[in-house]
file structure-v8.tsv (TSV, C-alpha atoms)
chain	number	residue	atom	x	y	z
O	541	MET	CA	78.98	111.01	65.67
O	542	LEU	CA	82.53	111.56	66.93
O	543	GLY	CA	82.76	115.32	66.41
O	544	PRO	CA	81.53	118.00	68.83
O	545	GLU	CA	79.16	119.60	66.34
O	546	GLY	CA	75.54	120.15	67.25
O	547	ASN	CA	73.85	119.96	70.61
O	548	ASN	CA	74.72	116.35	71.47
O	549	PRO	CA	74.78	116.33	75.31
O	550	GLY	CA	77.45	113.64	75.20
O	551	PHE	CA	79.96	116.33	74.16
O	552	ARG	CA	79.15	119.05	76.67
O	553	TRP	CA	82.40	118.16	78.44
O	554	LEU	CA	84.34	119.74	75.54
O	555	ARG	CA	83.12	123.15	76.66
O	556	GLN	CA	84.54	122.50	80.12
O	557	VAL	CA	88.14	121.93	78.95
O	558	PRO	CA	90.59	124.22	80.79
O	559	VAL	CA	91.65	126.14	77.70
O	560	TRP	CA	94.27	128.07	79.63
O	561	LEU	CA	96.26	124.84	80.01
O	562	ALA	CA	96.55	124.39	76.26
O	563	VAL	CA	97.32	128.07	75.74
O	564	ALA	CA	100.04	128.00	78.38
O	565	LEU	CA	101.48	124.82	76.94
O	566	PHE	CA	101.72	126.06	73.39
O	567	GLY	CA	102.75	129.53	74.52
O	568	GLY	CA	105.60	128.14	76.57
O	569	LEU	CA	106.87	126.11	73.65
O	570	LEU	CA	106.61	129.00	71.20
O	571	ALA	CA	108.57	131.16	73.63
O	572	ALA	CA	111.37	128.60	73.81
O	573	PRO	CA	114.61	129.55	72.04
O	574	GLY	CA	114.58	128.56	68.39
O	575	MET	CA	110.91	127.60	68.32
O	576	GLY	CA	110.35	129.68	65.23
O	577	ALA	CA	112.55	127.19	63.39
O	578	ALA	CA	110.94	124.13	64.95
O	579	GLU	CA	111.30	120.88	63.04
O	580	LYS	CA	108.11	118.83	62.71
O	581	ARG	CA	107.49	115.21	61.79
O	582	PHE	CA	104.45	112.98	61.92
O	583	THR	CA	103.56	109.30	61.84
O	584	VAL	CA	100.23	107.59	61.18
O	585	GLU	CA	99.13	104.00	61.82
O	586	LEU	CA	95.89	102.66	60.34
O	587	ASP	CA	94.34	99.25	61.01
O	588	ALA	CA	91.18	97.46	59.92
O	589	GLY	CA	90.11	93.84	59.87
O	590	LEU	CA	87.42	91.26	60.38
O	591	GLY	CA	86.72	89.49	63.65
O	592	TYR	CA	84.42	86.94	65.26
O	593	ASP	CA	83.09	87.31	68.80
O	594	SER	CA	81.55	84.24	70.45
O	595	ASN	CA	79.81	86.26	73.17
O	596	ALA	CA	79.22	89.83	72.03
O	597	PHE	CA	77.28	90.94	75.14
O	598	LEU	CA	79.22	88.89	77.74
O	599	ALA	CA	76.09	86.89	78.51
O	600	PRO	CA	76.30	84.76	81.67
O	601	GLU	CA	77.20	81.13	81.10
O	602	ARG	CA	74.24	79.58	82.85
O	603	ALA	CA	70.73	80.31	84.11
O	604	PHE	CA	70.40	82.02	87.49
O	605	PHE	CA	67.82	83.34	89.92
O	606	ASP	CA	67.39	87.13	89.78
O	607	PRO	CA	66.23	88.40	93.20
O	608	PHE	CA	65.13	91.74	91.69
O	609	ALA	CA	62.79	90.14	89.15
O	610	GLY	CA	61.97	87.16	91.40
O	611	GLU	CA	62.44	84.67	88.56
O	612	ILE	CA	64.91	82.41	86.82
O	613	VAL	CA	66.80	84.16	84.02
O	614	VAL	CA	68.01	82.09	81.04
O	615	PRO	CA	70.74	84.09	79.25
O	616	ARG	CA	71.05	84.00	75.48
O	617	ARG	CA	74.62	84.00	74.20
O	618	GLN	CA	74.92	85.84	70.87
O	619	ALA	CA	77.85	85.55	68.47
O	620	GLY	CA	78.73	87.39	65.29
O	621	PHE	CA	81.27	89.09	63.06
O	622	PHE	CA	82.62	92.60	63.59
O	623	VAL	CA	85.00	95.07	61.99
O	624	PRO	CA	87.77	96.36	64.28
O	625	MET	CA	89.18	99.74	63.20
O	626	SER	CA	91.86	101.97	64.69
O	627	ALA	CA	93.91	105.00	63.74
O	628	GLU	CA	96.82	106.54	65.60
O	629	GLY	CA	98.60	109.73	64.65
O	630	GLU	CA	101.53	111.51	66.22
O	631	VAL	CA	103.02	114.91	65.47
O	632	VAL	CA	106.36	115.87	66.99
O	633	ALA	CA	107.65	119.44	66.91
O	634	GLU	CA	111.23	119.97	68.07
O	635	ALA	CA	112.88	123.27	68.95
O	636	GLY	CA	116.26	123.13	70.56
O	637	ARG	CA	116.05	120.40	73.16
O	638	ALA	CA	112.29	120.74	73.77
O	639	ARG	CA	109.68	118.58	72.06
O	640	LEU	CA	105.93	118.98	71.72
O	641	VAL	CA	104.31	115.60	71.09
O	642	THR	CA	100.63	115.45	70.10
O	643	THR	CA	98.91	112.08	69.69
O	644	VAL	CA	95.43	111.16	68.51
O	645	ASP	CA	94.00	107.66	68.98
O	646	LEU	CA	90.70	106.42	67.56
O	647	GLU	CA	89.29	102.93	68.09
O	648	GLY	CA	86.05	101.36	66.99
O	649	LYS	CA	84.37	97.98	66.95
O	650	PHE	CA	81.38	97.64	64.64
O	651	PHE	CA	79.29	94.48	64.30
O	652	LEU	CA	77.96	93.46	60.90
O	653	GLU	CA	74.66	91.97	62.07
O	654	ASN	CA	71.97	94.50	62.89
O	655	SER	CA	70.93	92.41	65.90
O	656	LEU	CA	74.37	92.98	67.47
O	657	ARG	CA	74.63	96.73	66.90
O	658	HIS	CA	74.30	97.37	70.64
O	659	ALA	CA	77.72	95.74	71.10
O	660	ASP	CA	79.44	98.47	69.04
O	661	SER	CA	81.98	100.67	70.80
O	662	GLN	CA	83.94	103.83	69.97
O	663	ALA	CA	86.75	105.70	71.71
O	664	VAL	CA	88.78	108.83	70.94
O	665	ARG	CA	91.80	110.19	72.81
O	666	LEU	CA	93.82	113.37	72.25
O	667	GLN	CA	96.95	114.23	74.20
O	668	THR	CA	99.59	116.94	73.92
O	669	MET	CA	102.76	116.60	75.97
O	670	LEU	CA	105.62	119.08	76.29
O	671	ALA	CA	108.88	117.21	76.92
O	672	ILE	CA	111.77	119.21	78.38
O	673	PRO	CA	115.25	117.81	79.10
O	674	VAL	CA	116.06	119.31	82.50
O	675	ARG	CA	119.71	118.45	82.98
O	676	ARG	CA	122.38	115.85	82.42
O	677	THR	CA	124.78	114.96	85.21
O	678	GLY	CA	127.25	112.15	84.72
O	679	LYS	CA	125.24	109.01	83.93
O	680	TRP	CA	121.90	110.65	84.77
O	681	GLN	CA	119.55	112.31	82.28
O	682	THR	CA	116.54	114.14	83.75
O	683	ASP	CA	113.43	114.78	81.61
O	684	PHE	CA	110.12	116.44	82.50
O	685	THR	CA	106.86	116.13	80.54
O	686	ILE	CA	103.48	117.79	81.09
O	687	GLY	CA	100.31	118.20	79.08
O	688	PRO	CA	96.50	117.96	78.85
O	689	THR	CA	94.45	114.95	77.72
O	690	LEU	CA	90.96	114.75	76.21
O	691	ALA	CA	89.01	111.53	75.65
O	692	TYR	CA	85.58	110.27	74.70
O	693	ASP	CA	84.31	106.72	75.14
O	694	ARG	CA	80.98	105.30	74.05
O	695	ARG	CA	79.55	101.87	74.63
O	696	ILE	CA	75.91	100.96	75.00
O	697	TYR	CA	74.57	99.84	78.37
O	698	VAL	CA	72.78	96.60	77.55
O	699	ASP	CA	71.02	93.79	79.33
O	700	ARG	CA	73.73	91.15	79.14
O	701	ASP	CA	71.14	88.35	79.20
O	702	THR	CA	69.36	89.52	76.03
O	703	GLY	CA	71.58	92.10	74.31
O	704	LEU	CA	68.76	94.67	74.41
O	705	GLU	CA	69.21	98.24	75.61
O	706	ALA	CA	69.02	98.43	79.40
O	707	THR	CA	65.90	100.02	80.89
O	708	THR	CA	64.50	100.61	84.36
O	709	ARG	CA	62.34	97.76	85.61
O	710	LEU	CA	59.27	99.75	86.60
O	711	SER	CA	59.14	102.78	84.27
O	712	ASP	CA	60.95	101.20	81.29
O	713	GLN	CA	63.15	104.31	80.94
O	714	ASP	CA	66.05	104.06	78.49
O	715	LEU	CA	69.44	103.63	80.23
O	716	SER	CA	71.51	102.80	77.13
O	717	ASP	CA	73.72	105.93	77.31
O	718	ARG	CA	74.67	105.46	80.97
O	719	TYR	CA	78.27	104.40	80.19
O	720	GLN	CA	78.96	107.16	77.64
O	721	TYR	CA	81.52	109.62	79.01
O	722	GLY	CA	84.01	112.34	78.20
O	723	ARG	CA	87.23	112.95	80.08
O	724	HIS	CA	89.65	115.83	80.36
O	725	GLY	CA	92.68	116.11	82.57
O	726	LEU	CA	96.34	116.87	83.02
O	727	GLU	CA	99.36	114.56	83.25
O	728	ALA	CA	102.94	115.17	84.30
O	729	ALA	CA	106.01	112.97	84.65
O	730	LEU	CA	109.62	113.30	85.76
O	731	ARG	CA	112.14	110.69	84.66
O	732	LEU	CA	115.73	110.16	85.74
O	733	GLN	CA	117.44	107.80	83.33
O	734	GLY	CA	120.66	106.16	84.35
O	735	SER	CA	122.52	102.89	84.43
O	736	PRO	CA	121.91	100.41	85.97
O	737	VAL	CA	118.98	102.20	87.68
O	738	SER	CA	116.30	104.53	86.27
O	739	LEU	CA	113.64	106.34	88.30
O	740	ALA	CA	110.34	107.92	87.31
O	741	TRP	CA	107.47	109.79	88.94
O	742	HIS	CA	104.08	110.61	87.44
O	743	ALA	CA	100.90	112.41	88.47
O	744	ARG	CA	97.46	112.60	86.85
O	745	VAL	CA	94.22	114.44	87.45
O	746	GLY	CA	91.09	114.00	85.37
O	747	LYS	CA	87.37	114.71	85.30
O	748	TYR	CA	85.07	111.93	84.04
O	749	ASP	CA	81.75	113.32	82.82
O	750	TYR	CA	79.12	110.63	82.16
O	751	ARG	CA	75.85	110.98	80.30
O	752	GLU	CA	73.21	111.58	82.96
O	753	VAL	CA	70.28	109.23	83.50
O	754	PRO	CA	67.68	111.03	85.67
O	755	VAL	CA	66.42	108.01	87.62
O	756	LEU	CA	69.92	106.77	88.60
O	757	ASP	CA	72.84	108.19	90.53
O	758	SER	CA	75.43	110.09	88.51
O	759	LEU	CA	78.63	108.25	87.59
O	760	ASP	CA	80.65	111.48	87.30
O	761	TYR	CA	83.86	111.48	89.29
O	762	LEU	CA	87.21	113.21	89.76
O	763	TYR	CA	90.32	111.08	89.36
O	764	TYR	CA	93.66	112.06	90.82
O	765	GLY	CA	96.72	110.09	91.71
O	766	SER	CA	100.46	109.71	91.68
O	767	GLY	CA	103.03	106.95	91.49
O	768	GLY	CA	106.62	105.97	90.99
O	769	GLU	CA	108.65	103.48	88.99
O	770	VAL	CA	112.09	101.95	89.42
O	771	GLU	CA	113.89	100.06	86.65
O	772	ILE	CA	116.95	98.01	87.60
O	773	ASP	CA	119.26	96.28	85.10
O	774	LEU	CA	120.16	93.10	86.97
O	775	ARG	CA	122.13	91.85	83.99
O	776	LYS	CA	122.67	92.98	80.42
O	777	THR	CA	119.64	90.96	79.31
O	778	LEU	CA	117.59	91.03	82.53
O	779	ARG	CA	115.60	93.97	83.91
O	780	LEU	CA	113.35	94.35	86.95
O	781	GLU	CA	110.60	97.01	87.05
O	782	ILE	CA	108.78	98.00	90.25
O	783	ASP	CA	105.72	100.27	90.05
O	784	VAL	CA	103.66	101.77	92.87
O	785	ASP	CA	100.45	103.66	92.04
O	786	TYR	CA	98.09	105.40	94.44
O	787	TYR	CA	94.97	107.09	93.11
O	788	LEU	CA	91.44	108.11	94.10
O	789	ARG	CA	88.03	108.23	92.43
O	790	ASP	CA	85.86	110.86	94.08
O	791	PHE	CA	82.25	110.63	92.86
O	792	GLU	CA	80.21	113.82	92.76
O	793	ASP	CA	76.70	112.50	93.32
O	794	ARG	CA	76.72	108.73	93.73
O	795	ARG	CA	75.41	107.30	96.98
O	796	ALA	CA	77.59	104.98	99.04
O	797	ARG	CA	76.43	101.64	100.44
O	798	ASP	CA	76.34	100.59	104.07
O	799	LEU	CA	77.52	97.17	105.26
O	800	ALA	CA	74.10	95.67	104.50
O	801	GLY	CA	74.47	96.70	100.82
O	802	ASN	CA	71.87	99.50	101.01
O	803	LEU	CA	72.33	102.86	99.30
O	804	GLN	CA	72.47	105.61	101.90
O	805	GLU	CA	70.97	109.03	101.29
O	806	GLY	CA	73.22	112.02	101.89
O	807	THR	CA	76.44	110.15	101.11
O	808	ASP	CA	78.96	110.19	98.25
O	809	ARG	CA	81.29	107.43	97.15
O	810	ARG	CA	85.02	107.79	97.39
O	811	TYR	CA	87.43	104.97	96.53
O	812	SER	CA	91.19	104.92	97.07
O	813	TYR	CA	93.44	102.44	95.26
O	814	LEU	CA	96.94	101.13	95.83
O	815	ASP	CA	98.57	98.95	93.18
O	816	THR	CA	102.08	97.56	93.59
O	817	ALA	CA	103.48	95.75	90.55
O	818	PHE	CA	106.63	93.81	89.71
O	819	LEU	CA	107.74	92.95	86.18
O	820	LEU	CA	110.77	90.89	85.14
O	821	ARG	CA	111.90	91.24	81.53
O	822	TRP	CA	114.44	88.78	80.13
O	823	ARG	CA	116.02	88.45	76.69
O	824	PRO	CA	117.30	84.85	76.57
O	825	ALA	CA	118.43	85.06	72.92
O	826	ARG	CA	118.41	87.44	69.98
O	827	GLY	CA	114.83	88.24	69.00
O	828	TRP	CA	113.29	86.60	72.08
O	829	TRP	CA	111.69	88.39	75.03
O	830	LEU	CA	110.11	86.87	78.11
O	831	TYR	CA	107.99	88.87	80.60
O	832	ALA	CA	106.74	87.73	84.00
O	833	GLY	CA	104.73	90.04	86.25
O	834	TYR	CA	102.81	90.14	89.50
O	835	SER	CA	100.80	92.92	91.14
O	836	LEU	CA	98.66	93.44	94.22
O	837	PRO	CA	95.62	95.64	93.52
O	838	ARG	CA	93.84	97.03	96.59
O	839	ARG	CA	90.76	99.22	96.92
O	840	GLU	CA	89.34	100.95	99.98
O	841	ASP	CA	85.76	102.19	100.17
O	842	GLU	CA	86.16	105.23	102.38
O	843	HIS	CA	82.53	105.31	103.53
O	844	ALA	CA	81.82	102.00	105.28
O	845	GLY	CA	84.19	99.63	103.52
O	846	TYR	CA	81.43	97.75	101.67
O	847	HIS	CA	83.24	97.89	98.31
O	848	ASP	CA	86.73	97.13	99.65
O	849	TYR	CA	88.61	94.50	97.68
O	850	THR	CA	91.97	92.77	97.61
O	851	GLY	CA	93.40	90.89	94.68
O	852	ASN	CA	96.28	89.28	92.85
O	853	ARG	CA	97.25	89.75	89.23
O	854	TYR	CA	99.70	87.52	87.34
O	855	ARG	CA	101.00	87.99	83.82
O	856	GLY	CA	103.28	86.09	81.46
O	857	ARG	CA	104.27	87.00	77.90
O	858	LEU	CA	106.59	85.50	75.30
O	859	VAL	CA	107.60	87.46	72.19
O	860	TYR	CA	109.70	86.52	69.19
O	861	ALA	CA	110.59	89.06	66.50
O	862	SER	CA	112.59	87.86	63.51
O	863	ARG	CA	114.84	89.81	61.17
O	864	GLN	CA	112.48	88.83	58.35
O	865	ARG	CA	109.86	91.32	59.64
O	866	TRP	CA	107.52	88.92	61.38
O	867	LYS	CA	106.59	88.84	65.03
O	868	VAL	CA	104.62	86.42	67.19
O	869	SER	CA	103.55	86.75	70.81
O	870	ALA	CA	101.65	84.75	73.40
O	871	GLU	CA	100.28	86.23	76.62
O	872	TRP	CA	98.49	84.88	79.67
O	873	LYS	CA	96.83	86.86	82.47
O	874	TYR	CA	95.16	85.91	85.70
O	875	LEU	CA	93.29	88.16	88.13
O	876	ASP	CA	91.36	87.41	91.30
O	877	ARG	CA	89.44	89.93	93.39
O	878	ASP	CA	87.77	89.25	96.69
O	879	TYR	CA	85.27	91.60	98.36
O	880	PRO	CA	85.29	90.66	102.06
O	881	ARG	CA	82.16	92.73	102.89
O	882	ALA	CA	80.11	92.85	99.67
O	883	PHE	CA	77.31	90.50	98.57
O	884	ALA	CA	76.31	89.13	95.20
O	885	PHE	CA	73.44	91.28	93.84
O	886	ASP	CA	74.21	93.57	96.85
O	887	ARG	CA	71.73	91.42	98.78
O	888	PRO	CA	72.57	89.74	102.13
O	889	GLY	CA	71.90	86.04	101.93
O	890	MET	CA	72.97	85.80	98.25
O	891	GLY	CA	76.58	84.92	99.11
O	892	GLY	CA	79.79	86.91	99.03
O	893	LYS	CA	81.25	88.66	95.99
O	894	SER	CA	84.41	87.51	94.22
O	895	TYR	CA	85.84	87.36	90.70
O	896	GLU	CA	88.44	85.19	89.01
O	897	THR	CA	89.46	86.08	85.45
O	898	ARG	CA	91.73	84.19	83.07
O	899	GLU	CA	92.82	85.58	79.70
O	900	GLY	CA	94.96	84.13	76.96
O	901	GLU	CA	96.04	85.70	73.68
O	902	VAL	CA	98.23	84.76	70.72
O	903	ARG	CA	99.04	87.19	67.93
O	904	GLY	CA	101.13	87.18	64.77
O	905	GLU	CA	102.21	90.05	62.53
O	906	TRP	CA	104.01	90.15	59.19
O	907	ARG	CA	105.51	93.40	57.90
O	908	LEU	CA	105.43	93.88	54.14
O	909	GLU	CA	106.93	96.50	51.85
O	910	ARG	CA	106.01	100.21	51.85
O	911	GLY	CA	104.63	100.24	55.37
O	912	TRP	CA	102.02	97.53	54.94
O	913	ARG	CA	101.51	94.71	57.43
O	914	VAL	CA	99.04	91.90	58.05
O	915	TRP	CA	98.10	90.42	61.41
O	916	SER	CA	95.95	87.82	63.08
O	917	GLY	CA	95.05	87.07	66.67
O	918	TYR	CA	93.03	84.85	68.97
O	919	GLU	CA	91.89	85.69	72.50
O	920	ILE	CA	89.98	83.80	75.15
O	921	VAL	CA	88.52	85.30	78.33
O	922	ARG	CA	86.90	83.26	81.06
O	923	GLN	CA	85.52	84.86	84.21
O	924	ASN	CA	84.23	82.92	87.21
O	925	SER	CA	82.23	84.91	89.72
O	926	SER	CA	80.10	84.30	92.77
O	927	ASP	CA	77.68	86.76	91.15
O	928	PRO	CA	76.22	84.68	88.28
O	929	ARG	CA	75.54	87.79	86.19
O	930	TYR	CA	79.29	88.11	85.58
O	931	HIS	CA	80.18	84.44	85.07
O	932	TYR	CA	80.97	84.10	81.35
O	933	GLU	CA	83.33	82.88	78.62
O	934	ARG	CA	84.32	84.67	75.43
O	935	HIS	CA	86.42	83.80	72.34
O	936	LEU	CA	87.67	86.43	69.87
O	937	LEU	CA	89.31	85.68	66.52
O	938	SER	CA	90.44	88.40	64.13
O	939	ILE	CA	92.53	89.04	61.03
O	940	GLY	CA	93.41	92.34	59.43
O	941	ALA	CA	95.84	94.65	57.72
O	942	GLY	CA	97.55	97.88	58.63
O	943	LEU	CA	99.49	100.70	57.03
O	944	ASP	CA	102.19	102.85	58.65
O	945	PHE	CA	103.48	106.07	57.14

call {"tool": "encode", "arguments": {"input": "structure-v8.tsv", "output": "structure tokens"}}
result
Amino acid sequence: MLGPEGNNPGFRWLRQVPVWLAVALFGGLLAAPGMGAAEKRFTVELDAGLGYDSNAFLAPERAFFDPFAGEIVVPRRQAGFFVPMSAEGEVVAEAGRARLVTTVDLEGKFFLENSLRHADSQAVRLQTMLAIPVRRTGKWQTDFTIGPTLAYDRRIYVDRDTGLEATTRLSDQDLSDRYQYGRHGLEAALRLQGSPVSLAWHARVGKYDYREVPVLDSLDYLYYGSGGEVEIDLRKTLRLEIDVDYYLRDFEDRRARDLAGNLQEGTDRRYSYLDTAFLLRWRPARGWWLYAGYSLPRREDEHAGYHDYTGNRYRGRLVYASRQRWKVSAEWKYLDRDYPRAFAFDRPGMGGKSYETREGEVRGEWRLERGWRVWSGYEIVRQNSSDPRYHYERHLLSIGAGLDF
């Protein structure tokens, strides 16, 4: 169920939404000059298809020793067909120079086999942004946007080795709803557009409210952060983008770990992140685009440093869009993360913790008449990890159709 009706505890976060933000937002727009004669327009995008997943539960690639169970675990990889569905709607109301943009995004992935139903996922996002042109001076245009965001995400917490709902080892208590959460927050951005340089600043704050599981620590946390972006036109067909993001995740009731990997009573987790990214975008010929990117993700565990990590992320993408309404793209991603103080299974003596992920994707799309389009894609993900529970490979193949109006 995606609506807030009834007493479903997964939607209690809706009652916590700061209503005064929405009231102030809409009130400010209605008070703007000419709002009574606001022009409105909307767009809708619908997609549905059929896909095949070679590893629906991300089962580990090989057998491993589980120190918690004290036995060898032999994972069972499960494959099957699924239906991917998505809908995106946008309503824009303009009054004078101000715009109120409301977007709704829905995504779902539903497996056809009953044995794979625990791999289903659903997500909903609602955002309303008020965009206000601040001033124009010479080559510079300054714009400010602000607005609230609501979201809901549901996926089932499963035992990746078997695909069954996760439970506690001793009491066999159901943990399947552990990763179900709602989110509400506020976003703001200031952008200075110019040539050959554009600047931007953004800030976000959000509350993540997870479904509570009594025997485990809460996953609830407050997110807040800020960042900046610089875009530089090096040539007419070459652009460099530099992004710097700093943000924090402040958990409300989740114990931190000491340097031996033990949970410590009377503590709360708090992580700070710094991500610096560089992206080069080049248009070598009409219809062609080439992207090359690199970023340095960093995390600091502010308790004892147990969950600190450093990493490198690389990205390459090639896109060709023809005048005949078809488009093809190929993308490659690589990410490595190293935890200098953490252990696999959070157990000393089990080795250090590290991840290395490679992803590749190709996609084609053909636009037809009257807003229709057809598409197809293939994706491969391979993750190597010193923790054998997260060492896996996955292939995804999908075809589908969409309608825009």

call {"tool": "closest_residue", "arguments": {"input": "structure-v8.tsv", "among": "O:Leu836, O:Ile772, O:Leu756, O:Ala825", "to": "Asp785 of chain O", "atoms": "all atoms listed in the file"}}
result
O:Leu836

call {"tool": "residues_around", "arguments": {"input": "structure-v8.tsv", "residues": "segment 661-663 of chain O", "least_positions_apart": "3", "cutoff": "9 Å", "atoms": "only C-alpha atoms", "output": "ChimeraX atom specification"}}
result
/O:542,645-650,658,691-696

call {"tool": "residues_around", "arguments": {"input": "structure-v8.tsv", "residues": "Gly629 of chain O", "least_positions_apart": "6", "cutoff": "6 Å", "atoms": "all atoms listed in the file", "output": "short mmCIF file (atom, residue, chain, number, x, y, z; two decimals) with C-alpha atoms, in the frame of the given file"}}
result
data_model
loop_
_atom_site.label_atom_id
_atom_site.label_comp_id
_atom_site.auth_asym_id
_atom_site.auth_seq_id
_atom_site.Cartn_x
_atom_site.Cartn_y
_atom_site.Cartn_z
CA THR O 583 103.56 109.30 61.84
CA VAL O 584 100.23 107.59 61.18
CA THR O 643 98.91 112.08 69.69
CA VAL O 644 95.43 111.16 68.51
#

call {"tool": "residues_around", "arguments": {"input": "structure-v8.tsv", "residues": "Ala844 of chain O", "least_positions_apart": "6", "cutoff": "8 Å", "atoms": "all atoms listed in the file", "output": "ChimeraX atom specification"}}
result
/O:797-799

call {"tool": "residues_around", "arguments": {"input": "structure-v8.tsv", "residues": "segment 740-750 of chain O", "least_positions_apart": "2", "cutoff": "7 Å", "atoms": "only C-alpha atoms", "output": "number ranges by chain"}}
result
O: 553, 718-732, 738, 752, 759-770

call {"tool": "atom_distance", "arguments": {"input": "structure-v8.tsv", "atom1": "atom CA of Glu896 of chain O", "atom2": "atom CA of Ala609 of chain O"}}
result
26.1 Å

call {"tool": "axis_aligned_box", "arguments": {"input": "structure-v8.tsv", "around": "segment 845-854 of chain O", "padding_each_side": "3 Å", "output": "JSON"}}
result
{"center_x": 90.6, "center_y": 93.6, "center_z": 95.4, "size_x": 24.3, "size_y": 18.1, "size_z": 22.2}

call {"tool": "atom_distance", "arguments": {"input": "structure-v8.tsv", "atom1": "atom CA of Glu611 of chain O", "atom2": "atom CA of Asp660 of chain O"}}
result
29.3 Å
